[in-house]
Structures are given as structure tokens and as C-alpha cells.
Amino acid sequence: MEIKVIQTEDGSHSLYRPDIMESYHSFHGALQESVHVYIKAGLDEFASRNIGTIQVFEVGFGTGLNALLTWQWATENKREVVYTTIEPYPLTEEIWSQLNFAQSFSNPIESQKIFEQLHACDWEQTNQIHRNFQFTKNLSKLEDFILANNRYHVVFFDAFAPKKQPELWEETALKKIFVSMKPKGILTTYCAQGQFQRTLQSAGFEVERIAGPRGKKHMVRGIKMEK
């Protein structure tokens with residue numbers, strides 16, 4: 001498939017797929033979107049109420065930006081994170097090696113090394129990227145991936161938009177994720193579509209509509225409430 005490297009408004013790169021007319025991140029800023037949606041609304045929110053190791057599951061490894069930001073968060077906050085991600089269509093080195101995310105980090109040289117390690121490390125294996133960050137990436141679609149019950153504290157739901165990947169936004173997929181999460185777990189995503197919110201509720205989540213990243217009024221967070 002054709003994939004183009006683009007620059008977003010905050011200076012960070014993203015990717016664009018002409019075949020589905022979809023970008024991997026917001027044109028208003030890839031970095032600011034990921035920080036707002038997944039780090040602040042996901043990791044920060046969960047960590048403020050809970051202690052101990054955090055199990056993260058990501059739907060859509062994509063560019064690796066969310067994983068890189070989570071590594072940074074784990075090292076800065078001295079919290080252990082076990083990160084599991086799936087991606088059925090991994091990027092080639094020719095594409096991911098062009099991305100400039102590390103330039104925005106406080107230590108760009110170290111961050112670039114970690115970014116390259118996230119992409120180059122073996123699939124289907126546990127990789128100890130840092131003493132506080134354990135990483136496993138799986139070459140799989142969500143419907144084919146076996147999720148353990150009652151495991152994850154935070155879910156980064158970073159699939160393409162509902163019109164582009166409708167099967168991932170349906171109740172069957174969301175229920176599968178719901179069952180894999182621990183009570184008080186958080187699912188966070190950039191999408192605020194009304195039908196998606198209703199589907200989340202049908203899957204068992206309590207839905208919060210909160211302020212979105214730059215260029216987007218709202219986003220959604222799903223909570224698995226204790227019974």
C-alpha cells in the first residue's frame with residue numbers, strides 16, 4: 001500500500017494512506033494528540049487513582065508513537081508498565097525511519113534509540129526495553145488475537161476511524177476488550193461519535209465524554225466499573 005510521510009501542525013510527523021484517505025494522527029498535531037488522548041486521559045488518569053504495575057493494551061501499534069510516549073512516561077514517573085500491542089500491517093523500516101518523533105523529546109538521542117528498538121525488536125516476544133518498560137508487539141488483528149480475561153488496566157484504542165475500520169468499533173470487538181480489562185480499567189480513544197458511545201455502553205462500559213485534543217471538541221473514555 002502507498003503510505004506518505006506528512007508533517008502535522010505541531011511539527012511532528014504522521015502518515016497518510018491515500019487508498020483510504022486517512023491519516024494516522026490528527027493534522028493539528030500527532031504528538032499533542034497522542035499525549036492528550038493516551039497519556040493524559042489514559043495513563044495519568046489511571047495512575048492518579050492506582051498504584052503498582054500498569055498493564056497497557058494498544059489496538060494499533062502503527063507509528064509506535066504511543067509506545068514511545070509510554071516508555072517516556074514510565075521512566076519519568078518510575079512506574080512499571082507492561083505494554084502489549086497488536087498491528088496486522090506493520091510499517092517498513094523505509095517508512096518508520098523517516099519519522100521525527102524523538103526530536104521533540106528531552107533526550108532525542110536516547111529517544112531515537114528506543115524508537116528504533118520498538119520497531120526493530122522481535123514480534124511475539126517479550127522485550128525488556130527499560131527496567132520500567134516491558135514491551136510485546138503482536139502481528140495480529142484484534143479479532144484473531146487471544147486476550148486474557150481481567151488483565152489490562154489501560155487500553156489505547158487507536159484504530160482508524162469507524163468508517164474506515166468498522167469491524168473494530170462494533171460491540172463484539174469492544175466486548176472482547178471489556179472482558180480483558182480489570183475493574184476500574186480505562187479505555188481511551190480520540191473518537192467521540194455518538195454511535196460509538198452507545199456501543200461502548202452496550203459492551204458494558206460507563207462512558208465519559210471529555211475535552212478532546214487540539215482541533216477536536218470532545219473525545220471518549222470508557223470505564224469498566226466494579227460490579
# chains A, B, ... in the order shown; residues from 1 in each chain; ligands from 1
call {"tool": "residues_around", "arguments": {"residues": "Gln193 in chain A", "least_positions_apart": "6", "cutoff": "12 Å", "atoms": "only C-alpha atoms", "output": "JSON list (two decimals) with C-alpha atoms, in the first residue's frame"}}
result
[["chain", "number", "residue", "atom", "x", "y", "z"],
["A", 161, "ALA", "CA", -11.92, 5.87, 12.18],
["A", 162, "PRO", "CA", -15.20, 3.87, 12.35],
["A", 163, "LYS", "CA", -15.93, 4.43, 8.65],
["A", 169, "TRP", "CA", -15.85, -0.33, 16.53],
["A", 199, "THR", "CA", -21.88, 0.76, 21.51],
["A", 200, "LEU", "CA", -19.41, 1.20, 24.35],
["A", 207, "VAL", "CA", -18.84, 6.34, 29.12],
["A", 209, "ARG", "CA", -17.14, 12.37, 27.10],
["A", 216, "LYS", "CA", -11.35, 18.28, 18.37],
["A", 217, "LYS", "CA", -14.01, 19.38, 20.85],
["A", 218, "HIS", "CA", -14.54, 16.02, 22.54],
["A", 219, "MET", "CA", -13.10, 12.54, 22.96],
["A", 220, "VAL", "CA", -14.32, 9.48, 24.84],
["A", 221, "ARG", "CA", -13.11, 7.45, 27.78]]
call {"tool": "select_by_dssp", "arguments": {"residues": "range 40-152 of chain A", "states": "strand (DSSP E or B)", "output": "list in words"}}
result
Ile54, Gln55, Val56, Phe57, Glu58, Val59, Val81, Val82, Tyr83, Thr84, Thr85, Ile86, Asn127, Gln128, Ile129, His130, Phe133, Gln134, Phe135, Thr136, Lys137, Asn138 and Tyr152 of chain A
call {"tool": "residues_around", "arguments": {"residues": "range 86-91 of chain A", "least_positions_apart": "5", "cutoff": "12 Å", "atoms": "only C-alpha atoms", "output": "number ranges by chain"}}
result
A: 1-5, 15, 17, 24, 56-64, 67, 96-99, 118-120, 123-124, 135-147, 155-160
call {"tool": "select_by_dssp", "arguments": {"residues": "range 78-182 of chain A", "states": "alpha helix (DSSP H)", "output": "number ranges by chain"}}
result
A: 93-96, 108-120, 171-180
call {"tool": "write_last_selection", "arguments": {"atoms": "N, CA and C atoms", "output": "compact mmCIF listing (two decimals), in the first residue's frame"}}
result
# COMPACT_ATOMS: atom_id res chain seq x y z
N GLU A 93 10.78 -0.44 7.48
CA GLU A 93 11.82 0.44 8.03
C GLU A 93 11.98 1.69 7.17
N GLU A 94 11.77 1.55 5.87
CA GLU A 94 11.87 2.71 4.97
C GLU A 94 10.92 3.82 5.40
N ILE A 95 9.75 3.44 5.95
CA ILE A 95 8.76 4.43 6.39
C ILE A 95 9.04 4.90 7.81
N TRP A 96 9.14 3.97 8.77
CA TRP A 96 9.25 4.41 10.16
C TRP A 96 10.56 5.14 10.45
N PRO A 108 16.66 13.52 22.81
CA PRO A 108 16.33 12.98 21.48
C PRO A 108 17.18 11.80 21.04
N ILE A 109 18.45 11.77 21.46
CA ILE A 109 19.32 10.67 21.04
C ILE A 109 18.86 9.35 21.67
N GLU A 110 18.62 9.37 22.99
CA GLU A 110 18.14 8.16 23.66
C GLU A 110 16.75 7.78 23.14
N SER A 111 15.90 8.77 22.96
CA SER A 111 14.53 8.50 22.49
C SER A 111 14.53 7.89 21.10
N GLN A 112 15.44 8.33 20.25
CA GLN A 112 15.53 7.75 18.91
C GLN A 112 15.97 6.30 18.97
N LYS A 113 16.90 6.00 19.87
CA LYS A 113 17.34 4.60 20.03
C LYS A 113 16.19 3.71 20.50
N ILE A 114 15.41 4.21 21.44
CA ILE A 114 14.26 3.44 21.92
C ILE A 114 13.23 3.28 20.82
N PHE A 115 12.97 4.33 20.08
CA PHE A 115 12.01 4.28 18.97
C PHE A 115 12.42 3.21 17.95
N GLU A 116 13.69 3.19 17.61
CA GLU A 116 14.18 2.19 16.66
C GLU A 116 14.07 0.78 17.25
N GLN A 117 14.32 0.66 18.54
CA GLN A 117 14.23 -0.65 19.19
C GLN A 117 12.79 -1.15 19.19
N LEU A 118 11.83 -0.27 19.42
CA LEU A 118 10.42 -0.67 19.41
C LEU A 118 10.02 -1.24 18.06
N HIS A 119 10.52 -0.64 17.00
CA HIS A 119 10.17 -1.11 15.66
C HIS A 119 10.98 -2.34 15.23
N ALA A 120 12.24 -2.40 15.66
CA ALA A 120 13.13 -3.45 15.17
C ALA A 120 13.09 -4.73 16.00
N GLU A 171 -19.80 -3.87 18.70
CA GLU A 171 -19.94 -4.35 20.07
C GLU A 171 -19.13 -5.61 20.32
N THR A 172 -19.04 -6.50 19.35
CA THR A 172 -18.30 -7.75 19.55
C THR A 172 -16.84 -7.47 19.91
N ALA A 173 -16.22 -6.55 19.17
CA ALA A 173 -14.82 -6.20 19.43
C ALA A 173 -14.66 -5.51 20.77
N LEU A 174 -15.57 -4.58 21.07
CA LEU A 174 -15.46 -3.83 22.31
C LEU A 174 -15.77 -4.69 23.53
N LYS A 175 -16.68 -5.63 23.38
CA LYS A 175 -16.97 -6.56 24.47
C LYS A 175 -15.75 -7.44 24.75
N LYS A 176 -15.06 -7.84 23.71
CA LYS A 176 -13.86 -8.65 23.88
C LYS A 176 -12.82 -7.88 24.69
N ILE A 177 -12.67 -6.61 24.40
CA ILE A 177 -11.74 -5.77 25.16
C ILE A 177 -12.23 -5.58 26.58
N PHE A 178 -13.52 -5.35 26.75
CA PHE A 178 -14.10 -5.14 28.08
C PHE A 178 -13.78 -6.33 29.00
N VAL A 179 -13.95 -7.52 28.51
CA VAL A 179 -13.70 -8.73 29.30
C VAL A 179 -12.22 -8.85 29.67
N SER A 180 -11.35 -8.33 28.82
CA SER A 180 -9.91 -8.43 29.08
C SER A 180 -9.42 -7.42 30.11
call {"tool": "atom_distance", "arguments": {"atom1": "CA of Asn107 in chain A", "atom2": "CA of Gln72 in chain A"}}
result
9.9 Å
call {"tool": "residues_around", "arguments": {"residues": "range 40-43 of chain A", "least_positions_apart": "2", "cutoff": "10 Å", "atoms": "only C-alpha atoms", "output": "PDB file with all heavy atoms, in the first residue's frame"}}
result
ATOM      1  N   SER A  34      -1.564  12.471  20.707  1.00  0.00           N
ATOM      2  CA  SER A  34      -1.245  11.249  21.448  1.00  0.00           C
ATOM      3  C   SER A  34      -1.026  11.529  22.933  1.00  0.00           C
ATOM      4  O   SER A  34      -1.459  10.747  23.788  1.00  0.00           O
ATOM      5  CB  SER A  34      -0.004  10.581  20.850  1.00  0.00           C
ATOM      6  OG  SER A  34      -0.302  10.000  19.599  1.00  0.00           O
ATOM      7  N   VAL A  35      -0.358  12.634  23.239  1.00  0.00           N
ATOM      8  CA  VAL A  35      -0.144  12.997  24.645  1.00  0.00           C
ATOM      9  C   VAL A  35      -1.477  13.243  25.338  1.00  0.00           C
ATOM     10  O   VAL A  35      -1.726  12.756  26.450  1.00  0.00           O
ATOM     11  CB  VAL A  35       0.766  14.239  24.755  1.00  0.00           C
ATOM     12  CG1 VAL A  35       0.760  14.786  26.180  1.00  0.00           C
ATOM     13  CG2 VAL A  35       2.189  13.900  24.330  1.00  0.00           C
ATOM     14  N   HIS A  36      -2.360  13.976  24.697  1.00  0.00           N
ATOM     15  CA  HIS A  36      -3.648  14.329  25.297  1.00  0.00           C
ATOM     16  C   HIS A  36      -4.544  13.106  25.461  1.00  0.00           C
ATOM     17  O   HIS A  36      -5.098  12.874  26.543  1.00  0.00           O
ATOM     18  CB  HIS A  36      -4.355  15.365  24.424  1.00  0.00           C
ATOM     19  CG  HIS A  36      -5.657  15.844  24.982  1.00  0.00           C
ATOM     20  ND1 HIS A  36      -5.780  17.032  25.680  1.00  0.00           N
ATOM     21  CD2 HIS A  36      -6.901  15.301  24.974  1.00  0.00           C
ATOM     22  CE1 HIS A  36      -7.028  17.188  26.082  1.00  0.00           C
ATOM     23  NE2 HIS A  36      -7.737  16.150  25.646  1.00  0.00           N
ATOM     24  N   VAL A  37      -4.681  12.322  24.403  1.00  0.00           N
ATOM     25  CA  VAL A  37      -5.658  11.232  24.388  1.00  0.00           C
ATOM     26  C   VAL A  37      -5.181  10.018  25.185  1.00  0.00           C
ATOM     27  O   VAL A  37      -5.962   9.424  25.945  1.00  0.00           O
ATOM     28  CB  VAL A  37      -5.974  10.816  22.937  1.00  0.00           C
ATOM     29  CG1 VAL A  37      -6.893   9.588  22.904  1.00  0.00           C
ATOM     30  CG2 VAL A  37      -6.631  11.978  22.190  1.00  0.00           C
ATOM     31  N   TYR A  38      -3.928   9.647  25.025  1.00  0.00           N
ATOM     32  CA  TYR A  38      -3.471   8.381  25.594  1.00  0.00           C
ATOM     33  C   TYR A  38      -2.648   8.535  26.883  1.00  0.00           C
ATOM     34  O   TYR A  38      -2.802   7.713  27.798  1.00  0.00           O
ATOM     35  CB  TYR A  38      -2.692   7.590  24.534  1.00  0.00           C
ATOM     36  CG  TYR A  38      -3.559   7.336  23.333  1.00  0.00           C
ATOM     37  CD1 TYR A  38      -3.360   8.023  22.144  1.00  0.00           C
ATOM     38  CD2 TYR A  38      -4.643   6.464  23.422  1.00  0.00           C
ATOM     39  CE1 TYR A  38      -4.206   7.826  21.052  1.00  0.00           C
ATOM     40  CE2 TYR A  38      -5.487   6.265  22.343  1.00  0.00           C
ATOM     41  CZ  TYR A  38      -5.269   6.959  21.165  1.00  0.00           C
ATOM     42  OH  TYR A  38      -6.116   6.780  20.094  1.00  0.00           O
ATOM     43  N   GLU A  45      -4.538   9.484  34.224  1.00  0.00           N
ATOM     44  CA  GLU A  45      -5.810   9.322  34.924  1.00  0.00           C
ATOM     45  C   GLU A  45      -5.804   8.040  35.751  1.00  0.00           C
ATOM     46  O   GLU A  45      -6.214   8.043  36.920  1.00  0.00           O
ATOM     47  CB  GLU A  45      -6.960   9.302  33.920  1.00  0.00           C
ATOM     48  CG  GLU A  45      -8.327   9.089  34.520  1.00  0.00           C
ATOM     49  CD  GLU A  45      -8.795  10.225  35.411  1.00  0.00           C
ATOM     50  OE1 GLU A  45      -8.257  11.350  35.273  1.00  0.00           O
ATOM     51  OE2 GLU A  45      -9.690  10.005  36.252  1.00  0.00           O
ATOM     52  N   PHE A  46      -5.354   6.947  35.163  1.00  0.00           N
ATOM     53  CA  PHE A  46      -5.337   5.687  35.907  1.00  0.00           C
ATOM     54  C   PHE A  46      -4.328   5.739  37.050  1.00  0.00           C
ATOM     55  O   PHE A  46      -4.620   5.309  38.173  1.00  0.00           O
ATOM     56  CB  PHE A  46      -5.013   4.518  34.981  1.00  0.00           C
ATOM     57  CG  PHE A  46      -5.066   3.186  35.680  1.00  0.00           C
ATOM     58  CD1 PHE A  46      -6.271   2.528  35.857  1.00  0.00           C
ATOM     59  CD2 PHE A  46      -3.917   2.615  36.202  1.00  0.00           C
ATOM     60  CE1 PHE A  46      -6.329   1.314  36.535  1.00  0.00           C
ATOM     61  CE2 PHE A  46      -3.959   1.410  36.877  1.00  0.00           C
ATOM     62  CZ  PHE A  46      -5.173   0.760  37.051  1.00  0.00           C
ATOM     63  N   ALA A  47      -3.135   6.260  36.793  1.00  0.00           N
ATOM     64  CA  ALA A  47      -2.073   6.278  37.800  1.00  0.00           C
ATOM     65  C   ALA A  47      -2.428   7.161  38.995  1.00  0.00           C
ATOM     66  O   ALA A  47      -1.945   6.919  40.101  1.00  0.00           O
ATOM     67  CB  ALA A  47      -0.773   6.763  37.173  1.00  0.00           C
ATOM     68  N   SER A  48      -3.274   8.168  38.774  1.00  0.00           N
ATOM     69  CA  SER A  48      -3.653   9.058  39.868  1.00  0.00           C
ATOM     70  C   SER A  48      -4.525   8.358  40.906  1.00  0.00           C
ATOM     71  O   SER A  48      -4.665   8.825  42.033  1.00  0.00           O
ATOM     72  CB  SER A  48      -4.396  10.285  39.321  1.00  0.00           C
ATOM     73  OG  SER A  48      -5.670   9.918  38.803  1.00  0.00           O
ATOM     74  N   ILE A  54       1.362  -1.175  35.747  1.00  0.00           N
ATOM     75  CA  ILE A  54       0.234  -0.867  34.865  1.00  0.00           C
ATOM     76  C   ILE A  54       0.337  -1.716  33.608  1.00  0.00           C
ATOM     77  O   ILE A  54       1.356  -1.689  32.904  1.00  0.00           O
ATOM     78  CB  ILE A  54       0.203   0.627  34.495  1.00  0.00           C
ATOM     79  CG1 ILE A  54       0.090   1.491  35.758  1.00  0.00           C
ATOM     80  CG2 ILE A  54      -0.957   0.917  33.542  1.00  0.00           C
ATOM     81  CD1 ILE A  54       0.159   2.979  35.490  1.00  0.00           C
ATOM     82  N   VAL A  56      -0.872  -2.222  29.933  1.00  0.00           N
ATOM     83  CA  VAL A  56      -1.458  -1.454  28.832  1.00  0.00           C
ATOM     84  C   VAL A  56      -1.671  -2.368  27.631  1.00  0.00           C
ATOM     85  O   VAL A  56      -0.785  -3.158  27.277  1.00  0.00           O
ATOM     86  CB  VAL A  56      -0.541  -0.277  28.425  1.00  0.00           C
ATOM     87  CG1 VAL A  56      -1.090   0.436  27.187  1.00  0.00           C
ATOM     88  CG2 VAL A  56      -0.390   0.710  29.581  1.00  0.00           C
ATOM     89  N   THR A  70       4.773   6.195  26.108  1.00  0.00           N
ATOM     90  CA  THR A  70       4.568   5.405  27.321  1.00  0.00           C
ATOM     91  C   THR A  70       5.890   5.012  27.958  1.00  0.00           C
ATOM     92  O   THR A  70       6.029   5.027  29.185  1.00  0.00           O
ATOM     93  CB  THR A  70       3.729   4.152  27.009  1.00  0.00           C
ATOM     94  OG1 THR A  70       2.485   4.565  26.425  1.00  0.00           O
ATOM     95  CG2 THR A  70       3.447   3.351  28.271  1.00  0.00           C
ATOM     96  N   TRP A  73       6.947   8.045  29.763  1.00  0.00           N
ATOM     97  CA  TRP A  73       6.130   8.214  30.968  1.00  0.00           C
ATOM     98  C   TRP A  73       6.589   7.262  32.068  1.00  0.00           C
ATOM     99  O   TRP A  73       6.712   7.658  33.231  1.00  0.00           O
ATOM    100  CB  TRP A  73       4.666   7.959  30.614  1.00  0.00           C
ATOM    101  CG  TRP A  73       3.698   8.212  31.732  1.00  0.00           C
ATOM    102  CD1 TRP A  73       3.015   9.362  32.000  1.00  0.00           C
ATOM    103  CD2 TRP A  73       3.308   7.274  32.751  1.00  0.00           C
ATOM    104  NE1 TRP A  73       2.223   9.208  33.116  1.00  0.00           N
ATOM    105  CE2 TRP A  73       2.386   7.938  33.593  1.00  0.00           C
ATOM    106  CE3 TRP A  73       3.630   5.950  33.022  1.00  0.00           C
ATOM    107  CZ2 TRP A  73       1.791   7.316  34.696  1.00  0.00           C
ATOM    108  CZ3 TRP A  73       3.061   5.328  34.130  1.00  0.00           C
ATOM    109  CH2 TRP A  73       2.148   6.005  34.950  1.00  0.00           C
ATOM    110  N   ALA A  74       6.852   6.030  31.717  1.00  0.00           N
ATOM    111  CA  ALA A  74       7.276   5.028  32.703  1.00  0.00           C
ATOM    112  C   ALA A  74       8.603   5.405  33.346  1.00  0.00           C
ATOM    113  O   ALA A  74       8.782   5.265  34.565  1.00  0.00           O
ATOM    114  CB  ALA A  74       7.373   3.654  32.047  1.00  0.00           C
ATOM    115  N   VAL A  81       5.534  -0.402  33.599  1.00  0.00           N
ATOM    116  CA  VAL A  81       4.480  -0.578  32.604  1.00  0.00           C
ATOM    117  C   VAL A  81       4.777  -1.825  31.776  1.00  0.00           C
ATOM    118  O   VAL A  81       5.891  -2.006  31.279  1.00  0.00           O
ATOM    119  CB  VAL A  81       4.374   0.639  31.672  1.00  0.00           C
ATOM    120  CG1 VAL A  81       3.336   0.379  30.562  1.00  0.00           C
ATOM    121  CG2 VAL A  81       3.987   1.898  32.451  1.00  0.00           C
ATOM    122  N   HIS A 153      -5.196  -2.702  32.567  1.00  0.00           N
ATOM    123  CA  HIS A 153      -5.647  -1.524  33.310  1.00  0.00           C
ATOM    124  C   HIS A 153      -6.011  -0.366  32.390  1.00  0.00           C
ATOM    125  O   HIS A 153      -6.921   0.405  32.684  1.00  0.00           O
ATOM    126  CB  HIS A 153      -4.542  -1.040  34.262  1.00  0.00           C
ATOM    127  CG  HIS A 153      -4.115  -2.061  35.261  1.00  0.00           C
ATOM    128  ND1 HIS A 153      -2.925  -2.752  35.162  1.00  0.00           N
ATOM    129  CD2 HIS A 153      -4.719  -2.504  36.385  1.00  0.00           C
ATOM    130  CE1 HIS A 153      -2.809  -3.573  36.196  1.00  0.00           C
ATOM    131  NE2 HIS A 153      -3.875  -3.446  36.949  1.00  0.00           N
ATOM    132  N   VAL A 154      -5.258  -0.219  31.303  1.00  0.00           N
ATOM    133  CA  VAL A 154      -5.452   0.887  30.365  1.00  0.00           C
ATOM    134  C   VAL A 154      -5.423   0.338  28.949  1.00  0.00           C
ATOM    135  O   VAL A 154      -4.525  -0.432  28.596  1.00  0.00           O
ATOM    136  CB  VAL A 154      -4.366   1.968  30.526  1.00  0.00           C
ATOM    137  CG1 VAL A 154      -4.588   3.112  29.534  1.00  0.00           C
ATOM    138  CG2 VAL A 154      -4.327   2.504  31.961  1.00  0.00           C
ATOM    139  N   VAL A 155      -6.411   0.743  28.146  1.00  0.00           N
ATOM    140  CA  VAL A 155      -6.464   0.344  26.744  1.00  0.00           C
ATOM    141  C   VAL A 155      -6.378   1.591  25.874  1.00  0.00           C
ATOM    142  O   VAL A 155      -7.171   2.523  26.026  1.00  0.00           O
ATOM    143  CB  VAL A 155      -7.760  -0.429  26.411  1.00  0.00           C
ATOM    144  CG1 VAL A 155      -7.868  -0.684  24.908  1.00  0.00           C
ATOM    145  CG2 VAL A 155      -7.798  -1.748  27.179  1.00  0.00           C
ATOM    146  N   PHE A 156      -5.385   1.615  24.983  1.00  0.00           N
ATOM    147  CA  PHE A 156      -5.273   2.663  23.980  1.00  0.00           C
ATOM    148  C   PHE A 156      -6.002   2.168  22.729  1.00  0.00           C
ATOM    149  O   PHE A 156      -5.496   1.297  22.019  1.00  0.00           O
ATOM    150  CB  PHE A 156      -3.817   2.933  23.615  1.00  0.00           C
ATOM    151  CG  PHE A 156      -2.958   3.478  24.727  1.00  0.00           C
ATOM    152  CD1 PHE A 156      -1.567   3.481  24.587  1.00  0.00           C
ATOM    153  CD2 PHE A 156      -3.502   4.001  25.885  1.00  0.00           C
ATOM    154  CE1 PHE A 156      -0.758   4.001  25.588  1.00  0.00           C
ATOM    155  CE2 PHE A 156      -2.701   4.511  26.894  1.00  0.00           C
ATOM    156  CZ  PHE A 156      -1.325   4.514  26.743  1.00  0.00           C
ATOM    157  N   GLY A 185     -10.614  -0.279  35.061  1.00  0.00           N
ATOM    158  CA  GLY A 185      -9.769  -0.053  33.897  1.00  0.00           C
ATOM    159  C   GLY A 185     -10.332   1.023  32.987  1.00  0.00           C
ATOM    160  O   GLY A 185     -11.535   1.289  32.963  1.00  0.00           O
ATOM    161  N   ILE A 186      -9.430   1.634  32.201  1.00  0.00           N
ATOM    162  CA  ILE A 186      -9.786   2.755  31.333  1.00  0.00           C
ATOM    163  C   ILE A 186      -9.511   2.401  29.883  1.00  0.00           C
ATOM    164  O   ILE A 186      -8.420   1.923  29.544  1.00  0.00           O
ATOM    165  CB  ILE A 186      -8.957   4.002  31.704  1.00  0.00           C
ATOM    166  CG1 ILE A 186      -9.355   4.536  33.084  1.00  0.00           C
ATOM    167  CG2 ILE A 186      -9.104   5.093  30.651  1.00  0.00           C
ATOM    168  CD1 ILE A 186      -8.450   5.644  33.579  1.00  0.00           C
ATOM    169  N   LEU A 187     -10.484   2.632  29.018  1.00  0.00           N
ATOM    170  CA  LEU A 187     -10.278   2.609  27.571  1.00  0.00           C
ATOM    171  C   LEU A 187     -10.343   4.049  27.097  1.00  0.00           C
ATOM    172  O   LEU A 187     -11.313   4.758  27.376  1.00  0.00           O
ATOM    173  CB  LEU A 187     -11.339   1.771  26.871  1.00  0.00           C
ATOM    174  CG  LEU A 187     -11.266   1.690  25.334  1.00  0.00           C
ATOM    175  CD1 LEU A 187     -11.812   0.344  24.842  1.00  0.00           C
ATOM    176  CD2 LEU A 187     -12.028   2.820  24.643  1.00  0.00           C
ATOM    177  N   THR A 188      -9.332   4.500  26.395  1.00  0.00           N
ATOM    178  CA  THR A 188      -9.318   5.877  25.920  1.00  0.00           C
ATOM    179  C   THR A 188      -9.096   5.918  24.410  1.00  0.00           C
ATOM    180  O   THR A 188      -8.342   5.119  23.854  1.00  0.00           O
ATOM    181  CB  THR A 188      -8.246   6.705  26.666  1.00  0.00           C
ATOM    182  OG1 THR A 188      -8.338   8.068  26.266  1.00  0.00           O
ATOM    183  CG2 THR A 188      -6.846   6.179  26.421  1.00  0.00           C
ATOM    184  N   THR A 189      -9.800   6.848  23.742  1.00  0.00           N
ATOM    185  CA  THR A 189      -9.718   6.962  22.291  1.00  0.00           C
ATOM    186  C   THR A 189     -10.054   8.379  21.856  1.00  0.00           C
ATOM    187  O   THR A 189     -10.706   9.132  22.570  1.00  0.00           O
ATOM    188  CB  THR A 189     -10.669   5.961  21.600  1.00  0.00           C
ATOM    189  OG1 THR A 189     -10.478   6.032  20.183  1.00  0.00           O
ATOM    190  CG2 THR A 189     -12.118   6.250  21.931  1.00  0.00           C
ATOM    191  N   ILE A 210     -15.121  13.660  27.325  1.00  0.00           N
ATOM    192  CA  ILE A 210     -14.254  14.681  27.909  1.00  0.00           C
ATOM    193  C   ILE A 210     -13.662  15.562  26.806  1.00  0.00           C
ATOM    194  O   ILE A 210     -13.829  15.279  25.613  1.00  0.00           O
ATOM    195  CB  ILE A 210     -13.131  14.031  28.742  1.00  0.00           C
ATOM    196  CG1 ILE A 210     -12.268  13.113  27.866  1.00  0.00           C
ATOM    197  CG2 ILE A 210     -13.717  13.241  29.904  1.00  0.00           C
ATOM    198  CD1 ILE A 210     -11.098  12.478  28.602  1.00  0.00           C
ATOM    199  N   ALA A 211     -12.984  16.623  27.215  1.00  0.00           N
ATOM    200  CA  ALA A 211     -12.394  17.556  26.251  1.00  0.00           C
ATOM    201  C   ALA A 211     -11.373  16.844  25.368  1.00  0.00           C
ATOM    202  O   ALA A 211     -10.537  16.079  25.849  1.00  0.00           O
ATOM    203  CB  ALA A 211     -11.731  18.710  26.991  1.00  0.00           C
ATOM    204  N   GLY A 212     -11.452  17.105  24.084  1.00  0.00           N
ATOM    205  CA  GLY A 212     -10.554  16.468  23.132  1.00  0.00           C
ATOM    206  C   GLY A 212      -9.263  17.232  22.938  1.00  0.00           C
ATOM    207  O   GLY A 212      -9.059  18.309  23.515  1.00  0.00           O
ATOM    208  N   MET A 219     -13.588  13.895  23.144  1.00  0.00           N
ATOM    209  CA  MET A 219     -13.098  12.543  22.956  1.00  0.00           C
ATOM    210  C   MET A 219     -13.827  11.681  23.981  1.00  0.00           C
ATOM    211  O   MET A 219     -14.620  12.197  24.771  1.00  0.00           O
ATOM    212  CB  MET A 219     -11.579  12.460  23.163  1.00  0.00           C
ATOM    213  CG  MET A 219     -11.120  12.959  24.521  1.00  0.00           C
ATOM    214  SD  MET A 219      -9.390  12.618  24.897  1.00  0.00           S
ATOM    215  CE  MET A 219      -9.523  10.910  25.456  1.00  0.00           C
ATOM    216  N   VAL A 220     -13.564  10.377  23.965  1.00  0.00           N
ATOM    217  CA  VAL A 220     -14.321   9.475  24.838  1.00  0.00           C
ATOM    218  C   VAL A 220     -13.363   8.616  25.661  1.00  0.00           C
ATOM    219  O   VAL A 220     -12.304   8.187  25.193  1.00  0.00           O
ATOM    220  CB  VAL A 220     -15.258   8.580  23.997  1.00  0.00           C
ATOM    221  CG1 VAL A 220     -15.702   7.352  24.773  1.00  0.00           C
ATOM    222  CG2 VAL A 220     -16.469   9.378  23.555  1.00  0.00           C
ATOM    223  N   ARG A 221     -13.812   8.375  26.906  1.00  0.00           N
ATOM    224  CA  ARG A 221     -13.112   7.452  27.780  1.00  0.00           C
ATOM    225  C   ARG A 221     -14.143   6.467  28.324  1.00  0.00           C
ATOM    226  O   ARG A 221     -15.194   6.880  28.806  1.00  0.00           O
ATOM    227  CB  ARG A 221     -12.452   8.226  28.927  1.00  0.00           C
ATOM    228  CG  ARG A 221     -11.525   7.408  29.787  1.00  0.00           C
ATOM    229  CD  ARG A 221     -10.592   8.311  30.598  1.00  0.00           C
ATOM    230  NE  ARG A 221     -11.342   9.276  31.397  1.00  0.00           N
ATOM    231  CZ  ARG A 221     -10.821  10.425  31.850  1.00  0.00           C
ATOM    232  NH1 ARG A 221      -9.577  10.745  31.538  1.00  0.00           N
ATOM    233  NH2 ARG A 221     -11.531  11.242  32.581  1.00  0.00           N
TER     234      ARG A 221
END
call {"tool": "closest_residue", "arguments": {"among": "A:Asn149, A:Tyr83, A:Phe101, A:Gly222", "to": "Asn127 in chain A", "atoms": "only C-alpha atoms"}}
result
A:Tyr83
call {"tool": "atom_distance", "arguments": {"atom1": "CA of Gln32 in chain A", "atom2": "CA of Ser14 in chain A"}}
result
11.7 Å
call {"tool": "residues_around", "arguments": {"residues": "Arg151 in chain A", "least_positions_apart": "3", "cutoff": "7 Å", "atoms": "only C-alpha atoms", "output": "compact mmCIF listing (two decimals) with C-alpha atoms, in the first residue's frame"}}
result
# COMPACT_ATOMS: atom_id res chain seq x y z
CA ALA A 148 -6.60 -12.91 28.59
CA SER A 180 -9.91 -8.43 29.08
CA MET A 181 -9.84 -5.39 31.38
CA LYS A 182 -9.61 -5.19 35.13
call {"tool": "closest_residue", "arguments": {"among": "A:Asn132, A:Gln195, A:Gln125, A:Ser104", "to": "Thr75 in chain A", "atoms": "only C-alpha atoms"}}
result
A:Asn132
call {"tool": "atom_distance", "arguments": {"atom1": "CA of Ile39 in chain A", "atom2": "CA of Thr92 in chain A"}}
result
25.8 Å
call {"tool": "decode", "arguments": {"residues": "range 98-109 of chain A", "atoms": "C-alpha atoms", "output": "PDB file, in the first residue's frame"}}
result
ATOM      1  CA  GLN A  98      11.728   8.844   8.454  1.00  0.00           C
ATOM      2  CA  LEU A  99       9.538   9.778  11.440  1.00  0.00           C
ATOM      3  CA  ASN A 100      10.802  12.629  13.632  1.00  0.00           C
ATOM      4  CA  PHE A 101       9.052  11.963  16.956  1.00  0.00           C
ATOM      5  CA  ALA A 102      12.255  11.657  19.006  1.00  0.00           C
ATOM      6  CA  GLN A 103      13.270  15.222  18.132  1.00  0.00           C
ATOM      7  CA  SER A 104      10.546  16.541  20.450  1.00  0.00           C
ATOM      8  CA  PHE A 105      11.727  14.549  23.486  1.00  0.00           C
ATOM      9  CA  SER A 106      14.009  15.935  26.188  1.00  0.00           C
ATOM     10  CA  ASN A 107      16.719  13.421  25.249  1.00  0.00           C
ATOM     11  CA  PRO A 108      16.329  12.985  21.479  1.00  0.00           C
ATOM     12  CA  ILE A 109      19.321  10.665  21.041  1.00  0.00           C
TER      13      ILE A 109
END
